[in-house]
Amino acid sequence: MRIRLTSLFAALALTATAAPALALDEVTVALAIPAAVHDGAPYAAAEELGFFKEENLAVKTIVFQGAGALLPQVAAKRVTFGYPTSEPVISSYFTGKDILPLRYFYNGVPANTMEFAVLADSPVKTIEDLKGKKIGVGALTWGTIPGGRAALRTAGLEPGANVNYVAVGALAAGFQALKTHQVDALNFNSSWDDELELSGTPIRRIAYPAVFDETAGNGFIAHVDTFRDHPDLMVRFARAYTKGQIACEANPKFCVQAFWRANPQSKPAGDEAKALADSETLLSNRLRRVLHTPAGQARVPGQYDLKAIKAGIEAMAKAKEYPSADVPVDKIFSNEYIAQINTFDADAVRAKAREAK
């Protein structure tokens, strides 16, 4: 009997060993620009700390050239999710034709991060002071330009008449254009302006009018069929991503290094200690803006403020960037799964992150 039992246990053990593991659900996320440390570190943290695997996911990102190239990929279901700005999706509703079959399920950037930046010794102190000035952008095709024009018009200026946009290139090229006075201001996001400051150039930041403070920026978007058939996929992905953000807030040093391990080409050359410190600052600044209000209160990760979005759309329409404000905001932006997404022990995530190296 002992021999038979031993043989049975051995057979069971062999069967268990040979049994294939459950395949992970593959998720592809389409980005409009390559991830940098301030927005890419949460992915790296979620991967290294096992948050994606805990949700039975294998996640990879794919970069397309702008939202215009990204959105058709999600609409055709060639990728699982996208992470575009909201203006192109909103605009698709105005024609009444070719409305994109997409819906946002997670607000990635709840605070407007776009701003105008001038050199610290510039006479420009308000938006109104930009009258007669040149404003640098990466390219004149940028999806953020309509919002910038609306901000200028709301302040009484008229782009193309008494203030002009100039294509100067992104990041370093744009920084050089400002420093050499080719342009009077840059219309970049706050994280890029952080980089300019950290490089040693003092700047003054000029915010958009308050009505644009809480308008929707980049967010995770899915096909409407995914909402209907696979909401669990959205919930599991967004939950792991949120854990990654919280982990990075708790241990930015680990997250920066995790991002460098995942993207070795992104690690700056030269003084590693300074690069690490600067990258931690960039990441922490971004997470502070995303996870907290300007007053320091914790946001509900991923949640949309539909009232603020409607007010922003009305301001865009008043500034003649949208033909009207008549769009179904609640069909474009959804908070339906936010409670499920945020059902996890945030303190346990922080504790796990603080132990990571």
# chains A, B, ... in the order shown; residues from 1 in each chain; ligands from 1

call {"tool": "residues_around", "arguments": {"residues": "range 199-208 of chain A", "least_positions_apart": "6", "cutoff": "10 Å", "atoms": "only C-alpha atoms", "output": "ChimeraX atom specification"}}
result
/A:112-122,124-127,147-148,150-152,154-155,172,175,179,185-187,190,193,278

call {"tool": "closest_atom_pairs", "arguments": {"of": "range 152-269 of chain A", "to": "range 64-81 of chain A", "cutoff": "9 Å", "atoms": "only C-alpha atoms", "output": "Markdown table"}}
result
| residue | atom | partner | partner_atom | distance |
| --- | --- | --- | --- | --- |
| A:Phe220 | CA | A:Phe81 | CA | 6.3 |
| A:Ile221 | CA | A:Phe81 | CA | 5.5 |
| A:Ala222 | CA | A:Phe81 | CA | 5.0 |
| A:His223 | CA | A:Ala75 | CA | 6.0 |
| A:Val224 | CA | A:Ala75 | CA | 8.8 |
| A:Thr226 | CA | A:Thr80 | CA | 8.4 |
| A:Met234 | CA | A:Phe81 | CA | 8.5 |

call {"tool": "select_by_dssp", "arguments": {"residues": "range 103-175 of chain A", "states": "strand (DSSP E)", "output": "PyMOL selection string"}}
result
chain A and resi 103-107+116-119+134-137+164-167

call {"tool": "write_last_selection", "arguments": {"atoms": "N, CA, C and O atoms", "output": "CSV table (one decimal), in the first residue's frame"}}
result
chain,number,residue,atom,x,y,z
A,103,ARG,N,-14.7,55.3,-25.8
A,103,ARG,CA,-15.1,55.9,-24.6
A,103,ARG,C,-14.0,55.9,-23.6
A,103,ARG,O,-13.3,54.9,-23.4
A,104,TYR,N,-13.8,57.0,-22.9
A,104,TYR,CA,-12.7,57.1,-21.8
A,104,TYR,C,-13.2,56.4,-20.6
A,104,TYR,O,-14.4,56.6,-20.2
A,105,PHE,N,-12.3,55.6,-19.9
A,105,PHE,CA,-12.7,55.0,-18.7
A,105,PHE,C,-11.8,55.3,-17.5
A,105,PHE,O,-12.0,54.9,-16.4
A,106,TYR,N,-10.8,56.2,-17.8
A,106,TYR,CA,-9.8,56.5,-16.7
A,106,TYR,C,-9.2,57.8,-17.0
A,106,TYR,O,-8.6,58.0,-18.1
A,107,ASN,N,-9.3,58.8,-16.1
A,107,ASN,CA,-8.8,60.1,-16.3
A,107,ASN,C,-7.3,60.1,-15.8
A,107,ASN,O,-7.0,60.1,-14.7
A,116,PHE,N,1.8,78.3,-20.2
A,116,PHE,CA,2.8,79.1,-20.9
A,116,PHE,C,4.0,79.4,-20.0
A,116,PHE,O,3.8,79.6,-18.8
A,117,ALA,N,5.2,79.3,-20.6
A,117,ALA,CA,6.4,79.5,-19.8
A,117,ALA,C,7.2,80.6,-20.5
A,117,ALA,O,7.4,80.5,-21.7
A,118,VAL,N,7.7,81.5,-19.7
A,118,VAL,CA,8.6,82.6,-20.2
A,118,VAL,C,9.9,82.6,-19.3
A,118,VAL,O,9.9,82.0,-18.2
A,119,LEU,N,10.9,83.2,-19.8
A,119,LEU,CA,12.1,83.3,-19.0
A,119,LEU,C,11.8,84.2,-17.8
A,119,LEU,O,10.9,85.1,-17.8
A,134,LYS,N,5.6,85.8,-29.7
A,134,LYS,CA,5.6,84.5,-30.4
A,134,LYS,C,5.6,83.4,-29.4
A,134,LYS,O,6.4,83.5,-28.4
A,135,ILE,N,4.8,82.4,-29.6
A,135,ILE,CA,4.7,81.3,-28.6
A,135,ILE,C,5.2,80.0,-29.3
A,135,ILE,O,4.7,79.7,-30.4
A,136,GLY,N,6.1,79.4,-28.7
A,136,GLY,CA,6.7,78.2,-29.3
A,136,GLY,C,5.9,76.9,-28.9
A,136,GLY,O,5.5,76.7,-27.8
A,137,VAL,N,5.7,76.0,-30.0
A,137,VAL,CA,5.2,74.7,-29.8
A,137,VAL,C,6.0,73.7,-30.5
A,137,VAL,O,6.8,74.1,-31.4
A,164,ASN,N,1.2,84.9,-32.0
A,164,ASN,CA,1.4,83.8,-33.0
A,164,ASN,C,2.1,82.6,-32.5
A,164,ASN,O,3.0,82.7,-31.6
A,165,TYR,N,1.7,81.5,-33.0
A,165,TYR,CA,2.3,80.2,-32.6
A,165,TYR,C,3.5,80.0,-33.6
A,165,TYR,O,3.3,80.2,-34.8
A,166,VAL,N,4.6,79.4,-33.2
A,166,VAL,CA,5.7,79.1,-34.0
A,166,VAL,C,6.2,77.7,-33.6
A,166,VAL,O,6.3,77.3,-32.5
A,167,ALA,N,6.4,76.9,-34.7
A,167,ALA,CA,6.9,75.5,-34.4
A,167,ALA,C,8.4,75.6,-34.1
A,167,ALA,O,9.2,76.1,-34.9

call {"tool": "closest_residue", "arguments": {"among": "A:Pro146, A:Pro101, A:Pro159, A:Gly40", "to": "Lys331 in chain A", "atoms": "only C-alpha atoms"}}
result
A:Pro101

call {"tool": "atom_distance", "arguments": {"atom1": "CA of Ala315 in chain A", "atom2": "CA of Pro301 in chain A"}}
result
25.2 Å

call {"tool": "select_by_dssp", "arguments": {"residues": "range 174-313 of chain A", "states": "alpha helix (DSSP H)", "output": "short mmCIF file (atom, residue, chain, number, x, y, z; two decimals) with N, CA, C and O atoms, in the first residue's frame"}}
result
data_model
loop_
_atom_site.label_atom_id
_atom_site.label_comp_id
_atom_site.auth_asym_id
_atom_site.auth_seq_id
_atom_site.Cartn_x
_atom_site.Cartn_y
_atom_site.Cartn_z
N GLY A 174 12.92 73.21 -28.21
CA GLY A 174 12.07 74.29 -27.76
C GLY A 174 12.73 75.12 -26.67
O GLY A 174 12.62 76.35 -26.65
N PHE A 175 13.41 74.45 -25.75
CA PHE A 175 14.10 75.17 -24.67
C PHE A 175 15.12 76.14 -25.27
O PHE A 175 15.24 77.29 -24.82
N GLN A 176 15.86 75.66 -26.26
CA GLN A 176 16.87 76.52 -26.89
C GLN A 176 16.23 77.72 -27.58
O GLN A 176 16.77 78.83 -27.54
N ALA A 177 15.08 77.50 -28.20
CA ALA A 177 14.39 78.60 -28.88
C ALA A 177 13.97 79.68 -27.89
O ALA A 177 14.04 80.88 -28.19
N LEU A 178 13.56 79.27 -26.70
CA LEU A 178 13.18 80.25 -25.68
C LEU A 178 14.41 80.96 -25.14
O LEU A 178 14.43 82.20 -25.02
N LYS A 179 15.46 80.21 -24.85
CA LYS A 179 16.66 80.81 -24.26
C LYS A 179 17.36 81.77 -25.22
O LYS A 179 18.00 82.73 -24.78
N SER A 190 3.55 71.04 -17.96
CA SER A 190 4.27 71.41 -16.74
C SER A 190 5.49 70.53 -16.48
O SER A 190 6.49 71.01 -15.94
N SER A 191 5.42 69.26 -16.86
CA SER A 191 6.57 68.37 -16.63
C SER A 191 7.75 68.76 -17.53
O SER A 191 8.90 68.70 -17.10
N TRP A 192 7.46 69.15 -18.76
CA TRP A 192 8.54 69.62 -19.64
C TRP A 192 9.13 70.92 -19.10
O TRP A 192 10.34 71.12 -19.16
N ASP A 193 8.28 71.78 -18.55
CA ASP A 193 8.79 73.01 -17.96
C ASP A 193 9.62 72.72 -16.70
O ASP A 193 10.60 73.41 -16.41
N ASP A 194 9.24 71.66 -15.98
CA ASP A 194 10.07 71.21 -14.85
C ASP A 194 11.48 70.87 -15.35
O ASP A 194 12.48 71.21 -14.71
N GLU A 195 11.55 70.16 -16.49
CA GLU A 195 12.85 69.78 -17.05
C GLU A 195 13.68 71.01 -17.40
O GLU A 195 14.90 71.03 -17.17
N LEU A 196 13.03 72.01 -17.95
CA LEU A 196 13.73 73.24 -18.31
C LEU A 196 14.32 73.90 -17.07
O LEU A 196 15.48 74.32 -17.05
N GLU A 197 13.53 73.95 -16.01
CA GLU A 197 14.03 74.53 -14.75
C GLU A 197 15.18 73.72 -14.18
O GLU A 197 16.19 74.28 -13.74
N LEU A 198 15.03 72.40 -14.18
CA LEU A 198 16.07 71.54 -13.62
C LEU A 198 17.37 71.62 -14.42
O LEU A 198 18.44 71.33 -13.89
N VAL A 224 -16.10 50.88 -27.54
CA VAL A 224 -17.37 50.69 -26.82
C VAL A 224 -17.70 49.21 -26.66
O VAL A 224 -18.39 48.81 -25.70
N ASP A 225 -17.22 48.38 -27.56
CA ASP A 225 -17.45 46.94 -27.43
C ASP A 225 -16.72 46.38 -26.20
O ASP A 225 -17.20 45.43 -25.57
N THR A 226 -15.56 46.96 -25.89
CA THR A 226 -14.83 46.52 -24.71
C THR A 226 -15.60 46.87 -23.45
O THR A 226 -15.64 46.09 -22.48
N PHE A 227 -16.23 48.05 -23.45
CA PHE A 227 -17.09 48.43 -22.31
C PHE A 227 -18.19 47.40 -22.12
O PHE A 227 -18.51 47.02 -21.00
N ARG A 228 -18.77 46.96 -23.23
CA ARG A 228 -19.90 46.04 -23.15
C ARG A 228 -19.47 44.62 -22.82
O ARG A 228 -20.11 43.94 -21.99
N ASP A 229 -18.38 44.16 -23.45
CA ASP A 229 -18.02 42.74 -23.36
C ASP A 229 -16.91 42.41 -22.37
O ASP A 229 -16.87 41.29 -21.85
N PRO A 231 -15.50 44.62 -19.52
CA PRO A 231 -15.20 45.68 -18.55
C PRO A 231 -14.17 45.26 -17.51
O PRO A 231 -13.44 46.08 -16.99
N ASP A 232 -14.12 43.93 -17.24
CA ASP A 232 -13.14 43.44 -16.26
C ASP A 232 -11.72 43.72 -16.71
O ASP A 232 -10.83 43.97 -15.88
N LEU A 233 -11.48 43.73 -18.01
CA LEU A 233 -10.15 43.99 -18.54
C LEU A 233 -9.74 45.44 -18.25
O LEU A 233 -8.61 45.71 -17.85
N MET A 234 -10.68 46.36 -18.42
CA MET A 234 -10.42 47.75 -18.11
C MET A 234 -10.14 47.94 -16.62
O MET A 234 -9.20 48.65 -16.23
N VAL A 235 -10.95 47.30 -15.80
CA VAL A 235 -10.81 47.42 -14.35
C VAL A 235 -9.47 46.87 -13.89
O VAL A 235 -8.74 47.52 -13.12
N ARG A 236 -9.12 45.68 -14.36
CA ARG A 236 -7.86 45.07 -13.91
C ARG A 236 -6.64 45.87 -14.36
O ARG A 236 -5.70 46.06 -13.59
N PHE A 237 -6.67 46.36 -15.60
CA PHE A 237 -5.55 47.17 -16.07
C PHE A 237 -5.43 48.47 -15.29
O PHE A 237 -4.34 48.82 -14.80
N ALA A 238 -6.53 49.19 -15.15
CA ALA A 238 -6.49 50.49 -14.47
C ALA A 238 -6.14 50.34 -12.99
O ALA A 238 -5.48 51.20 -12.41
N ARG A 239 -6.58 49.24 -12.38
CA ARG A 239 -6.23 49.01 -10.97
C ARG A 239 -4.73 48.83 -10.81
O ARG A 239 -4.09 49.42 -9.94
N ALA A 240 -4.13 48.01 -11.68
CA ALA A 240 -2.68 47.79 -11.61
C ALA A 240 -1.92 49.08 -11.90
O ALA A 240 -0.91 49.37 -11.25
N TYR A 241 -2.39 49.85 -12.88
CA TYR A 241 -1.74 51.12 -13.21
C TYR A 241 -1.82 52.09 -12.03
O TYR A 241 -0.84 52.77 -11.70
N THR A 242 -2.98 52.15 -11.38
CA THR A 242 -3.14 53.03 -10.22
C THR A 242 -2.21 52.61 -9.10
O THR A 242 -1.60 53.46 -8.43
N LYS A 243 -2.09 51.31 -8.88
CA LYS A 243 -1.14 50.83 -7.87
C LYS A 243 0.28 51.29 -8.22
O LYS A 243 1.06 51.66 -7.34
N GLY A 244 0.61 51.27 -9.52
CA GLY A 244 1.92 51.74 -9.95
C GLY A 244 2.14 53.19 -9.61
O GLY A 244 3.23 53.59 -9.16
N GLN A 245 1.12 54.02 -9.80
CA GLN A 245 1.24 55.44 -9.46
C GLN A 245 1.45 55.63 -7.96
O GLN A 245 2.31 56.41 -7.53
N ILE A 246 0.66 54.93 -7.17
CA ILE A 246 0.76 55.05 -5.71
C ILE A 246 2.11 54.55 -5.22
O ILE A 246 2.74 55.13 -4.32
N ALA A 247 2.59 53.48 -5.84
CA ALA A 247 3.92 52.96 -5.49
C ALA A 247 5.00 54.00 -5.80
O ALA A 247 5.95 54.19 -5.02
N CYS A 248 4.87 54.67 -6.93
CA CYS A 248 5.88 55.66 -7.33
C CYS A 248 5.84 56.90 -6.44
O CYS A 248 6.88 57.53 -6.21
N GLU A 249 4.67 57.24 -5.95
CA GLU A 249 4.60 58.36 -5.00
C GLU A 249 5.30 57.99 -3.70
O GLU A 249 5.95 58.82 -3.07
N ALA A 250 5.19 56.71 -3.30
CA ALA A 250 5.80 56.26 -2.05
C ALA A 250 7.30 56.07 -2.17
O ALA A 250 8.04 56.29 -1.21
N PRO A 252 9.74 57.12 -5.17
CA PRO A 252 10.10 57.59 -6.52
C PRO A 252 11.47 57.12 -6.99
O PRO A 252 11.66 56.89 -8.18
N LYS A 253 12.42 56.94 -6.07
CA LYS A 253 13.74 56.48 -6.47
C LYS A 253 13.67 55.12 -7.13
O LYS A 253 14.26 54.89 -8.20
N PHE A 254 12.98 54.17 -6.49
CA PHE A 254 12.82 52.85 -7.07
C PHE A 254 12.16 52.93 -8.44
O PHE A 254 12.57 52.25 -9.40
N CYS A 255 11.12 53.76 -8.57
CA CYS A 255 10.37 53.83 -9.81
C CYS A 255 11.20 54.41 -10.95
O CYS A 255 11.10 53.95 -12.09
N VAL A 256 12.02 55.41 -10.66
CA VAL A 256 12.91 55.96 -11.68
C VAL A 256 13.86 54.88 -12.16
O VAL A 256 14.07 54.69 -13.37
N GLN A 257 14.45 54.16 -11.22
CA GLN A 257 15.40 53.11 -11.60
C GLN A 257 14.71 51.96 -12.34
O GLN A 257 15.28 51.37 -13.26
N ALA A 258 13.47 51.66 -11.96
CA ALA A 258 12.71 50.63 -12.68
C ALA A 258 12.44 51.08 -14.11
O ALA A 258 12.51 50.27 -15.05
N PHE A 259 12.13 52.36 -14.28
CA PHE A 259 11.89 52.88 -15.63
C PHE A 259 13.17 52.81 -16.46
O PHE A 259 13.13 52.44 -17.64
N TRP A 260 14.30 53.14 -15.86
CA TRP A 260 15.58 53.05 -16.58
C TRP A 260 15.90 51.60 -16.94
O TRP A 260 16.43 51.33 -18.01
N ARG A 261 15.57 50.67 -16.04
CA ARG A 261 15.83 49.25 -16.35
C ARG A 261 14.97 48.80 -17.54
O ARG A 261 15.41 48.04 -18.39
N ALA A 262 13.72 49.29 -17.58
CA ALA A 262 12.82 48.91 -18.66
C ALA A 262 13.13 49.67 -19.95
O ALA A 262 12.85 49.17 -21.05
N GLU A 272 25.16 60.51 -12.68
CA GLU A 272 24.00 59.66 -12.39
C GLU A 272 23.24 60.13 -11.16
O GLU A 272 22.01 60.08 -11.13
N ALA A 273 23.95 60.61 -10.15
CA ALA A 273 23.29 61.06 -8.93
C ALA A 273 22.36 62.24 -9.23
O ALA A 273 21.23 62.30 -8.74
N LYS A 274 22.85 63.19 -10.04
CA LYS A 274 22.02 64.34 -10.40
C LYS A 274 20.85 63.91 -11.27
O LYS A 274 19.71 64.37 -11.09
N ALA A 275 21.12 63.01 -12.23
CA ALA A 275 20.06 62.52 -13.11
C ALA A 275 18.96 61.83 -12.30
O ALA A 275 17.76 62.01 -12.56
N LEU A 276 19.37 61.06 -11.29
CA LEU A 276 18.41 60.36 -10.45
C LEU A 276 17.59 61.36 -9.63
O LEU A 276 16.36 61.27 -9.57
N ALA A 277 18.26 62.33 -9.04
CA ALA A 277 17.56 63.33 -8.23
C ALA A 277 16.59 64.14 -9.08
O ALA A 277 15.44 64.38 -8.67
N ASP A 278 17.04 64.55 -10.26
CA ASP A 278 16.16 65.33 -11.15
C ASP A 278 14.97 64.50 -11.60
O ASP A 278 13.84 65.00 -11.65
N SER A 279 15.21 63.25 -11.92
CA SER A 279 14.12 62.38 -12.37
C SER A 279 13.12 62.11 -11.26
O SER A 279 11.91 62.05 -11.50
N GLU A 280 13.61 61.96 -10.04
CA GLU A 280 12.70 61.81 -8.90
C GLU A 280 11.82 63.04 -8.75
O GLU A 280 10.62 62.93 -8.48
N THR A 281 12.41 64.22 -8.94
CA THR A 281 11.64 65.46 -8.84
C THR A 281 10.57 65.52 -9.92
O THR A 281 9.41 65.87 -9.65
N LEU A 282 10.94 65.19 -11.15
CA LEU A 282 9.98 65.19 -12.26
C LEU A 282 8.81 64.26 -11.98
O LEU A 282 7.64 64.62 -12.18
N LEU A 283 9.14 63.06 -11.51
CA LEU A 283 8.10 62.07 -11.23
C LEU A 283 7.21 62.51 -10.08
O LEU A 283 5.97 62.45 -10.17
N SER A 284 7.81 62.98 -9.01
CA SER A 284 7.03 63.39 -7.83
C SER A 284 6.14 64.58 -8.15
O SER A 284 4.99 64.65 -7.69
N ASN A 285 6.67 65.53 -8.92
CA ASN A 285 5.86 66.68 -9.31
C ASN A 285 4.64 66.25 -10.11
O ASN A 285 3.52 66.73 -9.90
N ARG A 286 4.86 65.34 -11.06
CA ARG A 286 3.76 64.88 -11.89
C ARG A 286 2.70 64.16 -11.05
O ARG A 286 1.49 64.40 -11.20
N LEU A 287 3.13 63.28 -10.15
CA LEU A 287 2.17 62.54 -9.33
C LEU A 287 1.43 63.44 -8.36
O LEU A 287 0.26 63.20 -8.07
N ARG A 288 2.09 64.48 -7.89
CA ARG A 288 1.41 65.43 -7.01
C ARG A 288 0.26 66.11 -7.76
O ARG A 288 -0.84 66.28 -7.22
N ARG A 289 0.50 66.46 -9.02
CA ARG A 289 -0.55 67.12 -9.81
C ARG A 289 -1.68 66.16 -10.18
O ARG A 289 -2.83 66.57 -10.28
N VAL A 290 -1.32 64.89 -10.39
CA VAL A 290 -2.30 63.91 -10.84
C VAL A 290 -3.12 63.33 -9.68
O VAL A 290 -4.34 63.15 -9.79
N LEU A 291 -2.45 63.04 -8.57
CA LEU A 291 -3.12 62.35 -7.46
C LEU A 291 -3.69 63.28 -6.40
O LEU A 291 -4.42 62.84 -5.51
N LEU A 306 -17.17 65.65 -14.49
CA LEU A 306 -17.97 65.92 -15.68
C LEU A 306 -18.47 67.36 -15.73
O LEU A 306 -18.57 67.95 -16.82
N LYS A 307 -18.74 67.93 -14.59
CA LYS A 307 -19.19 69.33 -14.54
C LYS A 307 -18.08 70.26 -15.04
O LYS A 307 -18.32 71.17 -15.83
N ALA A 308 -16.85 70.01 -14.59
CA ALA A 308 -15.72 70.82 -15.02
C ALA A 308 -15.43 70.63 -16.50
O ALA A 308 -15.09 71.59 -17.21
N ILE A 309 -15.59 69.40 -16.98
CA ILE A 309 -15.36 69.13 -18.40
C ILE A 309 -16.38 69.88 -19.26
O ILE A 309 -16.04 70.48 -20.29
N LYS A 310 -17.64 69.87 -18.82
CA LYS A 310 -18.67 70.60 -19.56
C LYS A 310 -18.36 72.10 -19.60
O LYS A 310 -18.51 72.75 -20.64
N ALA A 311 -17.91 72.64 -18.48
CA ALA A 311 -17.56 74.06 -18.43
C ALA A 311 -16.39 74.37 -19.37
O ALA A 311 -16.37 75.41 -20.05
N GLY A 312 -15.42 73.45 -19.42
CA GLY A 312 -14.29 73.63 -20.32
C GLY A 312 -14.71 73.59 -21.78
O GLY A 312 -14.22 74.37 -22.60
N ILE A 313 -15.62 72.68 -22.12
CA ILE A 313 -16.12 72.59 -23.49
C ILE A 313 -16.88 73.85 -23.87
O ILE A 313 -16.76 74.38 -24.98
#

call {"tool": "residues_around", "arguments": {"residues": "Thr95 in chain A", "least_positions_apart": "3", "cutoff": "12 Å", "atoms": "only C-alpha atoms", "output": "list in words"}}
result
Pro88, Val89, Ile90, Ser91, Ser92, Asp98, Ile99, Leu100, Tyr322, Pro323, Ser324, Asp326 and Val327 of chain A

call {"tool": "atom_distance", "arguments": {"atom1": "CA of Ala32 in chain A", "atom2": "CA of Pro110 in chain A"}}
result
17.7 Å

call {"tool": "closest_residue", "arguments": {"among": "A:Glu26, A:Glu355, A:Glu214, A:Glu47", "to": "Arg299 in chain A", "atoms": "only C-alpha atoms"}}
result
A:Glu214

call {"tool": "residues_around", "arguments": {"residues": "Arg354 in chain A", "least_positions_apart": "2", "cutoff": "8 Å", "atoms": "only C-alpha atoms", "output": "list of chain:residue names"}}
result
A:Ala247, A:Ala250, A:Asn251, A:Arg350, A:Ala351, A:Lys352, A:Ala356

call {"tool": "write_last_selection", "arguments": {"atoms": "C-alpha atoms", "output": "tab-separated table (two decimals), in the first residue's frame"}}
result
chain	number	residue	atom	x	y	z
A	247	ALA	CA	3.92	52.96	-5.49
A	250	ALA	CA	5.80	56.26	-2.05
A	251	ASN	CA	9.20	55.38	-3.53
A	350	ARG	CA	2.92	51.80	-0.34
A	351	ALA	CA	4.54	49.35	2.07
A	352	LYS	CA	5.55	47.03	-0.77
A	356	ALA	CA	11.61	47.77	-3.25

call {"tool": "atom_distance", "arguments": {"atom1": "CA of Leu31 in chain A", "atom2": "CA of Ala111 in chain A"}}
result
19.0 Å

call {"tool": "decode", "arguments": {"residues": "range 253-259 of chain A", "atoms": "all heavy atoms", "output": "short mmCIF file (atom, residue, chain, number, x, y, z; two decimals), in the first residue's frame"}}
result
data_model
loop_
_atom_site.label_atom_id
_atom_site.label_comp_id
_atom_site.auth_asym_id
_atom_site.auth_seq_id
_atom_site.Cartn_x
_atom_site.Cartn_y
_atom_site.Cartn_z
N LYS A 253 12.42 56.94 -6.07
CA LYS A 253 13.74 56.48 -6.47
C LYS A 253 13.67 55.12 -7.13
O LYS A 253 14.26 54.89 -8.20
CB LYS A 253 14.68 56.43 -5.25
CG LYS A 253 16.09 55.96 -5.58
CD LYS A 253 16.97 55.96 -4.33
CE LYS A 253 18.39 55.47 -4.67
NZ LYS A 253 19.24 55.46 -3.45
N PHE A 254 12.98 54.17 -6.49
CA PHE A 254 12.82 52.85 -7.07
C PHE A 254 12.16 52.93 -8.44
O PHE A 254 12.57 52.25 -9.40
CB PHE A 254 11.98 51.95 -6.15
CG PHE A 254 11.35 50.80 -6.87
CD1 PHE A 254 12.11 49.71 -7.27
CD2 PHE A 254 9.99 50.81 -7.18
CE1 PHE A 254 11.53 48.64 -7.95
CE2 PHE A 254 9.40 49.75 -7.87
CZ PHE A 254 10.18 48.67 -8.26
N CYS A 255 11.12 53.76 -8.57
CA CYS A 255 10.37 53.83 -9.81
C CYS A 255 11.20 54.41 -10.95
O CYS A 255 11.10 53.95 -12.09
CB CYS A 255 9.10 54.64 -9.62
SG CYS A 255 7.83 53.73 -8.71
N VAL A 256 12.02 55.41 -10.66
CA VAL A 256 12.91 55.96 -11.68
C VAL A 256 13.86 54.88 -12.16
O VAL A 256 14.07 54.69 -13.37
CB VAL A 256 13.69 57.17 -11.14
CG1 VAL A 256 14.81 57.57 -12.10
CG2 VAL A 256 12.75 58.35 -10.92
N GLN A 257 14.45 54.16 -11.22
CA GLN A 257 15.40 53.11 -11.60
C GLN A 257 14.71 51.96 -12.34
O GLN A 257 15.28 51.37 -13.26
CB GLN A 257 16.13 52.61 -10.36
CG GLN A 257 17.04 53.68 -9.75
CD GLN A 257 17.64 53.28 -8.42
OE1 GLN A 257 17.00 52.59 -7.61
NE2 GLN A 257 18.87 53.69 -8.17
N ALA A 258 13.47 51.66 -11.96
CA ALA A 258 12.71 50.63 -12.68
C ALA A 258 12.44 51.08 -14.11
O ALA A 258 12.51 50.27 -15.05
CB ALA A 258 11.39 50.34 -11.95
N PHE A 259 12.13 52.36 -14.28
CA PHE A 259 11.89 52.88 -15.63
C PHE A 259 13.17 52.81 -16.46
O PHE A 259 13.13 52.44 -17.64
CB PHE A 259 11.39 54.32 -15.55
CG PHE A 259 11.13 54.94 -16.90
CD1 PHE A 259 10.01 54.60 -17.63
CD2 PHE A 259 12.03 55.86 -17.45
CE1 PHE A 259 9.77 55.15 -18.89
CE2 PHE A 259 11.81 56.42 -18.70
CZ PHE A 259 10.67 56.07 -19.42
#
